[in-house]
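Colleague: Got a file for you: my_file_15.cif, mmCIF, C-alpha atoms.
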```cif
data_run
#
loop_
_atom_site.group_PDB
_atom_site.id
_atom_site.type_symbol
_atom_site.label_atom_id
_atom_site.label_comp_id
_atom_site.auth_asym_id
_atom_site.auth_seq_id
_atom_site.Cartn_x
_atom_site.Cartn_y
_atom_site.Cartn_z
ATOM 1 C CA MET A 1 -3.917 26.271 12.267
ATOM 2 C CA PRO A 2 -6.354 23.627 13.554
ATOM 3 C CA GLN A 3 -4.599 20.525 14.774
ATOM 4 C CA ARG A 4 -5.253 17.520 16.965
ATOM 5 C CA THR A 5 -3.080 14.751 18.382
ATOM 6 C CA VAL A 6 -4.656 11.308 18.666
ATOM 7 C CA THR A 7 -3.730 7.682 19.305
ATOM 8 C CA VAL A 8 -4.200 5.364 16.313
ATOM 9 C CA ALA A 9 -6.707 2.659 17.211
ATOM 10 C CA SER A 10 -6.261 0.366 14.174
ATOM 11 C CA LYS A 11 -4.215 -2.536 15.518
ATOM 12 C CA ILE A 12 -2.192 -2.923 12.352
ATOM 13 C CA GLY A 13 -1.640 0.830 12.114
ATOM 14 C CA LEU A 14 -2.100 2.802 8.915
ATOM 15 C CA HIS A 15 -1.150 -0.063 6.649
ATOM 16 C CA ALA A 16 -2.638 -0.801 3.204
ATOM 17 C CA ARG A 17 -6.345 -1.108 3.900
ATOM 18 C CA PRO A 18 -6.738 1.288 6.844
ATOM 19 C CA ALA A 19 -4.365 3.713 5.108
ATOM 20 C CA ALA A 20 -6.603 3.670 2.036
ATOM 21 C CA VAL A 21 -9.722 4.326 4.111
ATOM 22 C CA PHE A 22 -7.973 7.228 5.870
ATOM 23 C CA VAL A 23 -6.586 8.797 2.674
ATOM 24 C CA ASN A 24 -9.900 8.478 0.819
ATOM 25 C CA LYS A 25 -11.613 10.287 3.688
ATOM 26 C CA ALA A 26 -8.884 12.960 3.697
ATOM 27 C CA LYS A 27 -9.306 13.503 -0.059
ATOM 28 C CA GLU A 28 -12.970 14.402 0.463
ATOM 29 C CA LEU A 29 -12.040 17.315 2.709
ATOM 30 C CA PRO A 30 -11.896 20.867 1.339
ATOM 31 C CA VAL A 31 -8.541 21.869 2.852
ATOM 32 C CA PRO A 32 -4.952 20.550 2.755
ATOM 33 C CA VAL A 33 -4.361 18.203 5.699
ATOM 34 C CA THR A 34 -1.112 16.740 7.021
ATOM 35 C CA LEU A 35 -0.297 13.890 9.359
ATOM 36 C CA ALA A 36 2.860 13.663 11.483
ATOM 37 C CA LYS A 37 4.315 11.240 13.960
ATOM 38 C CA ASP A 38 5.558 12.606 17.283
ATOM 39 C CA GLY A 39 8.426 14.932 16.444
ATOM 40 C CA GLY A 40 8.383 13.886 12.772
ATOM 41 C CA ALA A 41 7.881 15.898 9.610
ATOM 42 C CA PRO A 42 4.263 16.290 8.491
ATOM 43 C CA VAL A 43 3.240 14.503 5.278
ATOM 44 C CA ASN A 44 0.309 15.004 2.904
ATOM 45 C CA ALA A 45 -2.682 13.125 4.357
ATOM 46 C CA LYS A 46 -4.213 12.905 0.870
ATOM 47 C CA SER A 47 -1.343 10.827 -0.542
ATOM 48 C CA LEU A 48 -1.461 7.104 0.048
ATOM 49 C CA LEU A 49 2.210 6.833 -0.879
ATOM 50 C CA ALA A 50 3.073 9.423 1.790
ATOM 51 C CA ILE A 51 0.876 7.810 4.449
ATOM 52 C CA MET A 52 2.118 4.282 3.770
ATOM 53 C CA THR A 53 5.722 5.467 3.849
ATOM 54 C CA LEU A 54 5.068 7.256 7.156
ATOM 55 C CA ASP A 55 4.338 3.797 8.571
ATOM 56 C CA VAL A 56 2.122 4.644 11.540
ATOM 57 C CA ARG A 57 1.719 1.716 13.949
ATOM 58 C CA GLY A 58 -1.316 0.858 16.037
ATOM 59 C CA GLY A 59 -1.212 2.683 19.368
ATOM 60 C CA GLU A 60 1.101 5.371 18.047
ATOM 61 C CA ARG A 61 0.416 9.084 18.662
ATOM 62 C CA VAL A 62 -0.004 11.196 15.544
ATOM 63 C CA THR A 63 -0.850 14.833 14.891
ATOM 64 C CA LEU A 64 -3.302 15.961 12.244
ATOM 65 C CA ALA A 65 -3.114 19.543 11.011
ATOM 66 C CA ALA A 66 -5.150 21.422 8.421
ATOM 67 C CA ALA A 67 -4.357 24.623 6.546
ATOM 68 C CA GLU A 68 -6.468 27.618 7.609
ATOM 69 C CA GLY A 69 -9.682 27.746 5.682
ATOM 70 C CA GLN A 70 -13.360 27.098 5.756
ATOM 71 C CA GLY A 71 -14.035 23.680 7.241
ATOM 72 C CA ALA A 72 -10.477 23.193 8.501
ATOM 73 C CA ALA A 73 -11.388 22.482 12.120
ATOM 74 C CA ALA A 74 -14.164 20.111 11.069
ATOM 75 C CA ALA A 75 -11.757 18.335 8.699
ATOM 76 C CA VAL A 76 -9.272 17.728 11.486
ATOM 77 C CA ASP A 77 -12.016 16.483 13.787
ATOM 78 C CA GLU A 78 -13.406 14.129 11.178
ATOM 79 C CA LEU A 79 -10.037 12.500 10.511
ATOM 80 C CA ALA A 80 -9.105 12.439 14.202
ATOM 81 C CA ASP A 81 -12.348 10.624 15.021
ATOM 82 C CA LEU A 82 -11.601 8.112 12.268
ATOM 83 C CA LEU A 83 -8.093 7.435 13.582
ATOM 84 C CA GLU A 84 -9.461 6.910 17.084
ATOM 85 C CA THR A 85 -11.747 4.154 15.749
ATOM 86 C CA ASP A 86 -10.462 0.678 14.926
ATOM 87 C CA PHE A 87 -12.011 0.865 11.470
ATOM 88 C CA ASP A 88 -10.161 -2.123 10.026
ATOM 89 C CA GLY A 89 -12.714 -4.475 11.484
ATOM 90 C CA MET B 1 6.184 9.605 -18.874
ATOM 91 C CA ASP B 2 4.782 6.147 -19.415
ATOM 92 C CA ILE B 3 6.178 3.536 -17.067
ATOM 93 C CA SER B 4 5.856 -0.193 -17.363
ATOM 94 C CA ILE B 5 4.891 -2.082 -14.227
ATOM 95 C CA SER B 6 6.128 -5.647 -14.240
ATOM 96 C CA SER B 7 4.683 -8.584 -12.388
ATOM 97 C CA PRO B 8 6.402 -9.112 -9.034
ATOM 98 C CA LEU B 9 5.334 -12.776 -9.064
ATOM 99 C CA THR B 10 4.853 -15.826 -11.247
ATOM 100 C CA GLY B 11 1.249 -16.944 -11.548
ATOM 101 C CA THR B 12 -1.941 -15.752 -13.184
ATOM 102 C CA ALA B 13 -2.677 -12.056 -13.688
ATOM 103 C CA ILE B 14 -6.255 -11.251 -12.703
ATOM 104 C CA GLY B 15 -8.272 -8.071 -12.468
ATOM 105 C CA LEU B 16 -8.385 -6.226 -9.149
ATOM 106 C CA ALA B 17 -12.126 -6.879 -9.031
ATOM 107 C CA GLN B 18 -11.342 -10.551 -8.384
ATOM 108 C CA VAL B 19 -9.294 -9.827 -5.248
ATOM 109 C CA PRO B 20 -11.096 -11.310 -2.219
ATOM 110 C CA ASP B 21 -10.987 -8.033 -0.290
ATOM 111 C CA PRO B 22 -13.534 -5.289 -0.918
ATOM 112 C CA VAL B 23 -11.083 -2.433 -0.331
ATOM 113 C CA PHE B 24 -8.587 -3.715 -2.914
ATOM 114 C CA ALA B 25 -11.303 -5.013 -5.251
ATOM 115 C CA GLY B 26 -13.032 -1.617 -5.201
ATOM 116 C CA SER B 27 -9.759 0.095 -6.199
ATOM 117 C CA MET B 28 -9.877 2.094 -2.957
ATOM 118 C CA VAL B 29 -6.157 1.546 -2.471
ATOM 119 C CA GLY B 30 -5.610 2.503 -6.096
ATOM 120 C CA PRO B 31 -5.897 1.127 -9.611
ATOM 121 C CA GLY B 32 -3.711 -1.735 -10.770
ATOM 122 C CA ALA B 33 -3.888 -5.491 -11.126
ATOM 123 C CA ALA B 34 -3.422 -8.614 -9.045
ATOM 124 C CA VAL B 35 -1.508 -11.842 -9.401
ATOM 125 C CA ASP B 36 -2.811 -15.189 -8.226
ATOM 126 C CA PRO B 37 0.628 -16.688 -7.561
ATOM 127 C CA GLU B 38 1.834 -20.142 -8.402
ATOM 128 C CA ARG B 39 1.566 -22.286 -5.252
ATOM 129 C CA ALA B 40 5.284 -22.879 -4.873
ATOM 130 C CA PRO B 41 8.102 -21.070 -3.062
ATOM 131 C CA GLN B 42 9.072 -17.973 -4.997
ATOM 132 C CA VAL B 43 10.648 -14.576 -4.686
ATOM 133 C CA ALA B 44 8.672 -11.371 -5.107
ATOM 134 C CA VAL B 45 10.632 -8.905 -7.242
ATOM 135 C CA ALA B 46 10.559 -5.145 -7.783
ATOM 136 C CA PRO B 47 7.749 -4.158 -10.219
ATOM 137 C CA ILE B 48 9.627 -0.978 -11.211
ATOM 138 C CA ALA B 49 13.089 0.465 -10.744
ATOM 139 C CA GLY B 50 13.342 2.733 -7.745
ATOM 140 C CA ARG B 51 13.816 3.004 -4.037
ATOM 141 C CA LEU B 52 12.289 0.494 -1.632
ATOM 142 C CA VAL B 53 10.612 3.163 0.507
ATOM 143 C CA LYS B 54 8.606 0.715 2.646
ATOM 144 C CA LEU B 55 9.278 -2.936 3.360
ATOM 145 C CA LYS B 56 7.144 -5.181 5.540
ATOM 146 C CA PRO B 57 7.320 -8.966 5.371
ATOM 147 C CA HIS B 58 4.015 -9.185 3.520
ATOM 148 C CA ALA B 59 4.016 -5.903 1.580
ATOM 149 C CA PHE B 60 6.340 -3.357 0.046
ATOM 150 C CA VAL B 61 6.349 -0.065 -1.838
ATOM 151 C CA VAL B 62 8.853 0.862 -4.542
ATOM 152 C CA GLN B 63 9.053 4.524 -5.556
ATOM 153 C CA SER B 64 10.325 5.504 -8.994
ATOM 154 C CA GLU B 65 12.730 8.363 -9.573
ATOM 155 C CA ASP B 66 9.840 10.539 -10.779
ATOM 156 C CA GLY B 67 7.977 9.957 -7.504
ATOM 157 C CA ARG B 68 5.460 7.255 -8.385
ATOM 158 C CA GLY B 69 4.859 4.526 -5.834
ATOM 159 C CA VAL B 70 3.836 0.934 -6.530
ATOM 160 C CA LEU B 71 2.485 -1.199 -3.683
ATOM 161 C CA VAL B 72 2.799 -4.978 -3.782
ATOM 162 C CA HIS B 73 0.731 -6.745 -1.126
ATOM 163 C CA LEU B 74 1.591 -10.451 -0.779
ATOM 164 C CA GLY B 75 -1.704 -12.148 -0.061
ATOM 165 C CA ILE B 76 -4.786 -10.854 1.734
ATOM 166 C CA ASP B 77 -4.860 -10.288 5.513
ATOM 167 C CA THR B 78 -1.275 -11.566 5.617
ATOM 168 C CA VAL B 79 -0.395 -8.815 8.101
ATOM 169 C CA ASN B 80 -1.817 -11.274 10.639
ATOM 170 C CA LEU B 81 0.982 -13.749 9.921
ATOM 171 C CA ASP B 82 3.420 -11.358 11.626
ATOM 172 C CA GLY B 83 6.079 -12.113 9.048
ATOM 173 C CA ALA B 84 6.020 -15.912 9.491
ATOM 174 C CA GLY B 85 7.009 -17.543 6.205
ATOM 175 C CA PHE B 86 8.391 -14.350 4.647
ATOM 176 C CA GLU B 87 12.125 -13.841 4.271
ATOM 177 C CA LEU B 88 13.423 -10.403 3.348
ATOM 178 C CA VAL B 89 16.208 -10.358 0.791
ATOM 179 C CA ALA B 90 16.276 -6.583 0.271
ATOM 180 C CA ALA B 91 16.319 -3.782 2.844
ATOM 181 C CA GLU B 92 14.190 -0.669 3.201
ATOM 182 C CA GLY B 93 15.942 2.223 1.478
ATOM 183 C CA ASP B 94 17.617 0.008 -1.143
ATOM 184 C CA GLN B 95 17.836 1.327 -4.679
ATOM 185 C CA LEU B 96 16.479 -1.447 -6.888
ATOM 186 C CA ARG B 97 16.406 -2.385 -10.534
ATOM 187 C CA ALA B 98 13.068 -3.685 -11.861
ATOM 188 C CA GLY B 99 13.008 -7.426 -11.263
ATOM 189 C CA GLN B 100 15.380 -7.363 -8.302
ATOM 190 C CA PRO B 101 14.396 -9.819 -5.507
ATOM 191 C CA ILE B 102 12.732 -8.392 -2.373
ATOM 192 C CA VAL B 103 10.937 -11.123 -0.365
ATOM 193 C CA THR B 104 10.797 -14.910 -0.571
ATOM 194 C CA TRP B 105 7.567 -16.635 0.441
ATOM 195 C CA ASN B 106 5.445 -19.654 -0.330
ATOM 196 C CA PRO B 107 1.886 -18.885 -1.481
ATOM 197 C CA ALA B 108 0.960 -22.530 -0.760
ATOM 198 C CA ASP B 109 1.786 -21.985 2.935
ATOM 199 C CA VAL B 110 -0.328 -18.825 3.044
ATOM 200 C CA GLN B 111 -3.225 -20.754 1.547
ATOM 201 C CA ALA B 112 -2.665 -23.613 4.021
ATOM 202 C CA ARG B 113 -3.163 -21.062 6.803
ATOM 203 C CA GLY B 114 -6.582 -20.236 5.427
ATOM 204 C CA LEU B 115 -5.593 -16.953 3.740
ATOM 205 C CA SER B 116 -5.701 -15.936 0.096
ATOM 206 C CA PRO B 117 -2.269 -15.560 -1.516
ATOM 207 C CA VAL B 118 -3.746 -13.328 -4.255
ATOM 208 C CA SER B 119 -1.421 -10.331 -4.424
ATOM 209 C CA PRO B 120 -2.569 -6.857 -5.492
ATOM 210 C CA VAL B 121 -0.107 -4.631 -7.387
ATOM 211 C CA ILE B 122 -1.285 -1.047 -6.961
ATOM 212 C CA ALA B 123 -0.389 2.294 -8.561
ATOM 213 C CA LEU B 124 -0.575 4.528 -5.476
ATOM 214 C CA ASP B 125 -2.253 7.947 -5.856
ATOM 215 C CA ALA B 126 -2.929 7.206 -9.550
ATOM 216 C CA GLU B 127 -6.091 8.010 -11.463
ATOM 217 C CA THR B 128 -7.822 4.914 -12.816
ATOM 218 C CA ALA B 129 -7.582 6.362 -16.330
ATOM 219 C CA ALA B 130 -3.789 6.508 -16.045
ATOM 220 C CA ILE B 131 -3.574 2.717 -15.951
ATOM 221 C CA GLU B 132 -3.814 0.788 -19.193
ATOM 222 C CA ALA B 133 -2.801 -2.381 -21.002
ATOM 223 C CA ILE B 134 -3.574 -4.540 -17.978
ATOM 224 C CA VAL B 135 -2.432 -8.065 -18.706
ATOM 225 C CA ALA B 136 -4.586 -11.112 -17.886
ATOM 226 C CA GLY B 137 -3.483 -14.723 -17.808
ATOM 227 C CA ALA B 138 -0.215 -16.491 -17.149
ATOM 228 C CA VAL B 139 2.680 -14.236 -16.135
ATOM 229 C CA ALA B 140 6.225 -14.846 -14.978
ATOM 230 C CA ALA B 141 7.906 -12.540 -12.476
ATOM 231 C CA GLY B 142 9.314 -9.653 -14.502
ATOM 232 C CA ASP B 143 6.722 -9.838 -17.304
ATOM 233 C CA GLU B 144 4.796 -6.674 -18.011
ATOM 234 C CA LEU B 145 1.600 -6.360 -15.942
ATOM 235 C CA PHE B 146 0.314 -2.875 -16.876
ATOM 236 C CA HIS B 147 1.290 0.608 -18.063
ATOM 237 C CA TRP B 148 1.090 3.733 -15.937
ATOM 238 C CA ARG B 149 0.785 6.945 -17.985
#
```
Would you write out, as structure tokens, the structure that this file holds?
Modeller:
Amino acid sequence: MPQRTVTVASKIGLHARPAAVFVNKAKELPVPVTLAKDGGAPVNAKSLLAIMTLDVRGGERVTLAAAEGQGAAAAVDELADLLETDFDG
Amino acid sequence: MDISISSPLTGTAIGLAQVPDPVFAGSMVGPGAAVDPERAPQVAVAPIAGRLVKLKPHAFVVQSEDGRGVLVHLGIDTVNLDGAGFELVAAEGDQLRAGQPIVTWNPADVQARGLSPVSPVIALDAETAAIEAIVAGAVAAGDELFHWR
């Protein structure tokens, strides 16, 4: 199962606007993707409710994981690269 | 099941397109409505009955028993206020009735700090077509704002 752990660059974390950008990107991907905090339970990366409830802060380490399937590794990389960018500029 | 989303604030109900933030205005966070609040101290109340699954000074999410989440974001870019001017009267995890108080704030103060107090009310993970009967014009906290099918 492809996965990657990254540090969230958005200073305000995955709050409303950055969370929406992240989830909309996740929804475009062809495989199920989850996001988890260190040691926490993974949640559906395509659900804004799940991501906002997860409450990821800026600078926090999170792990992305995708179900096996075509494009899974690329999906994880795409979202990981997004999280490593402070895209709420 | 059809649920009724009530206005968390007293003010003027406006379309999301009028929110001065392209991400909210473009419905990227989700479909819904927004309230341009009366510029006086007031308390933001629960738009639906459910659990307060996320509470920040300037934003909260209430999740209904059937799993639907409604986000209320008090003003635009208000995360930068670091909670100044917001007083929490409910706690994360609380089970709320619709209309129950959550946060007190003063939209006039937010405006005085150069930010917009316009507050989006968003049906999270909803299809745009599932939202109907969006109210426009004067609303009091607790009045119906839209339906979520």
Colleague: In Å, how far is it from CA of Gln100 (chain B) to CA of Thr78 (chain B)?
Modeller: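 A separation of 22.1 Å between them.
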Colleague: Provide as JSON, numbers by chain the residues of chain A at most 7 Å from chain B, counting all atoms listed in the file.
Modeller: {"A": [17, 20, 47, 48, 49, 53]}
Colleague: One decimal, in Å: what's the spacing between CA of Ala17 (chain B) and CA of Val135 (chain B)?
Modeller: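 Here the two named atoms are 13.7 Å from each other.
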Colleague: As an exercise, work out the distance from CA of Arg97 (chain B) to CA of Leu54 (chain A) in Å and give it to one decimal place.
Modeller: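 About the pair CA of Arg97 (chain B) and CA of Leu54 (chain A): they are 23.1 Å apart.
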Colleague: Output the residue selection produced by the PyMOL selection byres ((chain A and resi 22) around 12) on the file above, formatted as a CSV table (one decimal) with C-alpha atoms, in the coordinates of the input.
Modeller:
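Below you can see expr_17.csv, which holds the result:
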```
chain,number,residue,atom,x,y,z
A,8,VAL,CA,-4.2,5.4,16.3
A,10,SER,CA,-6.3,0.4,14.2
A,13,GLY,CA,-1.6,0.8,12.1
A,14,LEU,CA,-2.1,2.8,8.9
A,15,HIS,CA,-1.2,-0.1,6.6
A,16,ALA,CA,-2.6,-0.8,3.2
A,17,ARG,CA,-6.3,-1.1,3.9
A,18,PRO,CA,-6.7,1.3,6.8
A,19,ALA,CA,-4.4,3.7,5.1
A,20,ALA,CA,-6.6,3.7,2.0
A,21,VAL,CA,-9.7,4.3,4.1
A,23,VAL,CA,-6.6,8.8,2.7
A,24,ASN,CA,-9.9,8.5,0.8
A,25,LYS,CA,-11.6,10.3,3.7
A,26,ALA,CA,-8.9,13.0,3.7
A,27,LYS,CA,-9.3,13.5,-0.1
A,28,GLU,CA,-13.0,14.4,0.5
A,29,LEU,CA,-12.0,17.3,2.7
A,33,VAL,CA,-4.4,18.2,5.7
A,34,THR,CA,-1.1,16.7,7.0
A,35,LEU,CA,-0.3,13.9,9.4
A,44,ASN,CA,0.3,15.0,2.9
A,45,ALA,CA,-2.7,13.1,4.4
A,46,LYS,CA,-4.2,12.9,0.9
A,47,SER,CA,-1.3,10.8,-0.5
A,48,LEU,CA,-1.5,7.1,0.0
A,50,ALA,CA,3.1,9.4,1.8
A,51,ILE,CA,0.9,7.8,4.4
A,52,MET,CA,2.1,4.3,3.8
A,56,VAL,CA,2.1,4.6,11.5
A,64,LEU,CA,-3.3,16.0,12.2
A,76,VAL,CA,-9.3,17.7,11.5
A,78,GLU,CA,-13.4,14.1,11.2
A,79,LEU,CA,-10.0,12.5,10.5
A,80,ALA,CA,-9.1,12.4,14.2
A,81,ASP,CA,-12.3,10.6,15.0
A,82,LEU,CA,-11.6,8.1,12.3
A,83,LEU,CA,-8.1,7.4,13.6
A,84,GLU,CA,-9.5,6.9,17.1
A,85,THR,CA,-11.7,4.2,15.7
A,86,ASP,CA,-10.5,0.7,14.9
A,87,PHE,CA,-12.0,0.9,11.5
A,88,ASP,CA,-10.2,-2.1,10.0
B,23,VAL,CA,-11.1,-2.4,-0.3
B,28,MET,CA,-9.9,2.1,-3.0
B,29,VAL,CA,-6.2,1.5,-2.5
```
Colleague: Quick one: which residues end up in the PyMOL selection byres ((chain B and resi 95) around 8) for this structure, as a list in words?
Modeller: Ala49, Gly50, Arg51, Leu52, Gly93, Asp94, Leu96 and Arg97 of chain B
Colleague: Tell me, as a PDB file with C-alpha atoms, in the coordinates of the input, which residues lie within 8 Å of Pro30 (chain A), counting only C-alpha atoms; anything in the same chain fewer than 5 positions away does not count.
Modeller:
```pdb
ATOM      1  CA  GLN A  70     -13.360  27.098   5.756  1.00  0.00           C
ATOM      2  CA  GLY A  71     -14.035  23.680   7.241  1.00  0.00           C
ATOM      3  CA  ALA A  72     -10.477  23.193   8.501  1.00  0.00           C
ATOM      4  CA  ALA A  75     -11.757  18.335   8.699  1.00  0.00           C
TER       5      ALA A  75
END
```
Colleague: Rebuild N, CA, C and O atoms on region 64-84 of chain A, as a PDB file, keeping the file's coordinate frame?
Modeller:
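That gives us part.pdb:
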```pdb
ATOM      1  N   LEU A  64      -2.656  15.500  13.468  1.00  0.00           N
ATOM      2  CA  LEU A  64      -3.302  15.961  12.244  1.00  0.00           C
ATOM      3  C   LEU A  64      -3.288  17.478  12.249  1.00  0.00           C
ATOM      4  O   LEU A  64      -3.516  18.094  13.295  1.00  0.00           O
ATOM      5  N   ALA A  65      -3.039  18.087  11.097  1.00  0.00           N
ATOM      6  CA  ALA A  65      -3.114  19.543  11.011  1.00  0.00           C
ATOM      7  C   ALA A  65      -3.717  19.910   9.666  1.00  0.00           C
ATOM      8  O   ALA A  65      -3.462  19.251   8.658  1.00  0.00           O
ATOM      9  N   ALA A  66      -4.547  20.957   9.662  1.00  0.00           N
ATOM     10  CA  ALA A  66      -5.150  21.422   8.421  1.00  0.00           C
ATOM     11  C   ALA A  66      -4.738  22.864   8.178  1.00  0.00           C
ATOM     12  O   ALA A  66      -4.506  23.627   9.121  1.00  0.00           O
ATOM     13  N   ALA A  67      -4.619  23.223   6.898  1.00  0.00           N
ATOM     14  CA  ALA A  67      -4.357  24.623   6.546  1.00  0.00           C
ATOM     15  C   ALA A  67      -5.577  25.449   6.951  1.00  0.00           C
ATOM     16  O   ALA A  67      -6.702  24.941   6.971  1.00  0.00           O
ATOM     17  N   GLU A  68      -5.359  26.732   7.276  1.00  0.00           N
ATOM     18  CA  GLU A  68      -6.468  27.618   7.609  1.00  0.00           C
ATOM     19  C   GLU A  68      -7.445  27.654   6.442  1.00  0.00           C
ATOM     20  O   GLU A  68      -7.030  27.675   5.289  1.00  0.00           O
ATOM     21  N   GLY A  69      -8.704  27.654   6.759  1.00  0.00           N
ATOM     22  CA  GLY A  69      -9.682  27.746   5.682  1.00  0.00           C
ATOM     23  C   GLY A  69     -11.015  27.273   6.189  1.00  0.00           C
ATOM     24  O   GLY A  69     -11.107  26.704   7.289  1.00  0.00           O
ATOM     25  N   GLN A  70     -12.021  27.504   5.382  1.00  0.00           N
ATOM     26  CA  GLN A  70     -13.360  27.098   5.756  1.00  0.00           C
ATOM     27  C   GLN A  70     -13.403  25.577   5.906  1.00  0.00           C
ATOM     28  O   GLN A  70     -12.933  24.851   5.034  1.00  0.00           O
ATOM     29  N   GLY A  71     -13.905  25.120   7.039  1.00  0.00           N
ATOM     30  CA  GLY A  71     -14.035  23.680   7.241  1.00  0.00           C
ATOM     31  C   GLY A  71     -12.783  23.012   7.775  1.00  0.00           C
ATOM     32  O   GLY A  71     -12.741  21.792   7.924  1.00  0.00           O
ATOM     33  N   ALA A  72     -11.749  23.787   8.078  1.00  0.00           N
ATOM     34  CA  ALA A  72     -10.477  23.193   8.501  1.00  0.00           C
ATOM     35  C   ALA A  72     -10.611  22.448   9.836  1.00  0.00           C
ATOM     36  O   ALA A  72     -10.151  21.313   9.971  1.00  0.00           O
ATOM     37  N   ALA A  73     -11.257  23.104  10.796  1.00  0.00           N
ATOM     38  CA  ALA A  73     -11.388  22.482  12.120  1.00  0.00           C
ATOM     39  C   ALA A  73     -12.233  21.214  12.033  1.00  0.00           C
ATOM     40  O   ALA A  73     -11.910  20.184  12.629  1.00  0.00           O
ATOM     41  N   ALA A  74     -13.288  21.273  11.237  1.00  0.00           N
ATOM     42  CA  ALA A  74     -14.164  20.111  11.069  1.00  0.00           C
ATOM     43  C   ALA A  74     -13.407  18.975  10.378  1.00  0.00           C
ATOM     44  O   ALA A  74     -13.583  17.798  10.698  1.00  0.00           O
ATOM     45  N   ALA A  75     -12.545  19.340   9.427  1.00  0.00           N
ATOM     46  CA  ALA A  75     -11.757  18.335   8.699  1.00  0.00           C
ATOM     47  C   ALA A  75     -10.851  17.592   9.660  1.00  0.00           C
ATOM     48  O   ALA A  75     -10.756  16.359   9.639  1.00  0.00           O
ATOM     49  N   VAL A  76     -10.173  18.344  10.511  1.00  0.00           N
ATOM     50  CA  VAL A  76      -9.272  17.728  11.486  1.00  0.00           C
ATOM     51  C   VAL A  76     -10.064  16.815  12.423  1.00  0.00           C
ATOM     52  O   VAL A  76      -9.652  15.692  12.718  1.00  0.00           O
ATOM     53  N   ASP A  77     -11.202  17.298  12.869  1.00  0.00           N
ATOM     54  CA  ASP A  77     -12.016  16.483  13.787  1.00  0.00           C
ATOM     55  C   ASP A  77     -12.484  15.195  13.129  1.00  0.00           C
ATOM     56  O   ASP A  77     -12.463  14.124  13.732  1.00  0.00           O
ATOM     57  N   GLU A  78     -12.882  15.296  11.880  1.00  0.00           N
ATOM     58  CA  GLU A  78     -13.406  14.129  11.178  1.00  0.00           C
ATOM     59  C   GLU A  78     -12.326  13.043  11.046  1.00  0.00           C
ATOM     60  O   GLU A  78     -12.557  11.866  11.310  1.00  0.00           O
ATOM     61  N   LEU A  79     -11.129  13.473  10.666  1.00  0.00           N
ATOM     62  CA  LEU A  79     -10.037  12.500  10.511  1.00  0.00           C
ATOM     63  C   LEU A  79      -9.554  11.984  11.869  1.00  0.00           C
ATOM     64  O   LEU A  79      -9.209  10.805  12.009  1.00  0.00           O
ATOM     65  N   ALA A  80      -9.544  12.850  12.862  1.00  0.00           N
ATOM     66  CA  ALA A  80      -9.105  12.439  14.202  1.00  0.00           C
ATOM     67  C   ALA A  80     -10.060  11.376  14.754  1.00  0.00           C
ATOM     68  O   ALA A  80      -9.630  10.363  15.321  1.00  0.00           O
ATOM     69  N   ASP A  81     -11.354  11.603  14.547  1.00  0.00           N
ATOM     70  CA  ASP A  81     -12.348  10.624  15.021  1.00  0.00           C
ATOM     71  C   ASP A  81     -12.154   9.283  14.314  1.00  0.00           C
ATOM     72  O   ASP A  81     -12.270   8.221  14.925  1.00  0.00           O
ATOM     73  N   LEU A  82     -11.834   9.341  13.031  1.00  0.00           N
ATOM     74  CA  LEU A  82     -11.601   8.112  12.268  1.00  0.00           C
ATOM     75  C   LEU A  82     -10.390   7.361  12.827  1.00  0.00           C
ATOM     76  O   LEU A  82     -10.437   6.148  13.052  1.00  0.00           O
ATOM     77  N   LEU A  83      -9.318   8.083  13.084  1.00  0.00           N
ATOM     78  CA  LEU A  83      -8.093   7.435  13.582  1.00  0.00           C
ATOM     79  C   LEU A  83      -8.308   6.820  14.963  1.00  0.00           C
ATOM     80  O   LEU A  83      -7.647   5.846  15.320  1.00  0.00           O
ATOM     81  N   GLU A  84      -9.205   7.425  15.737  1.00  0.00           N
ATOM     82  CA  GLU A  84      -9.461   6.910  17.084  1.00  0.00           C
ATOM     83  C   GLU A  84     -10.416   5.726  17.084  1.00  0.00           C
ATOM     84  O   GLU A  84     -10.737   5.176  18.131  1.00  0.00           O
TER      85      GLU A  84
END
```
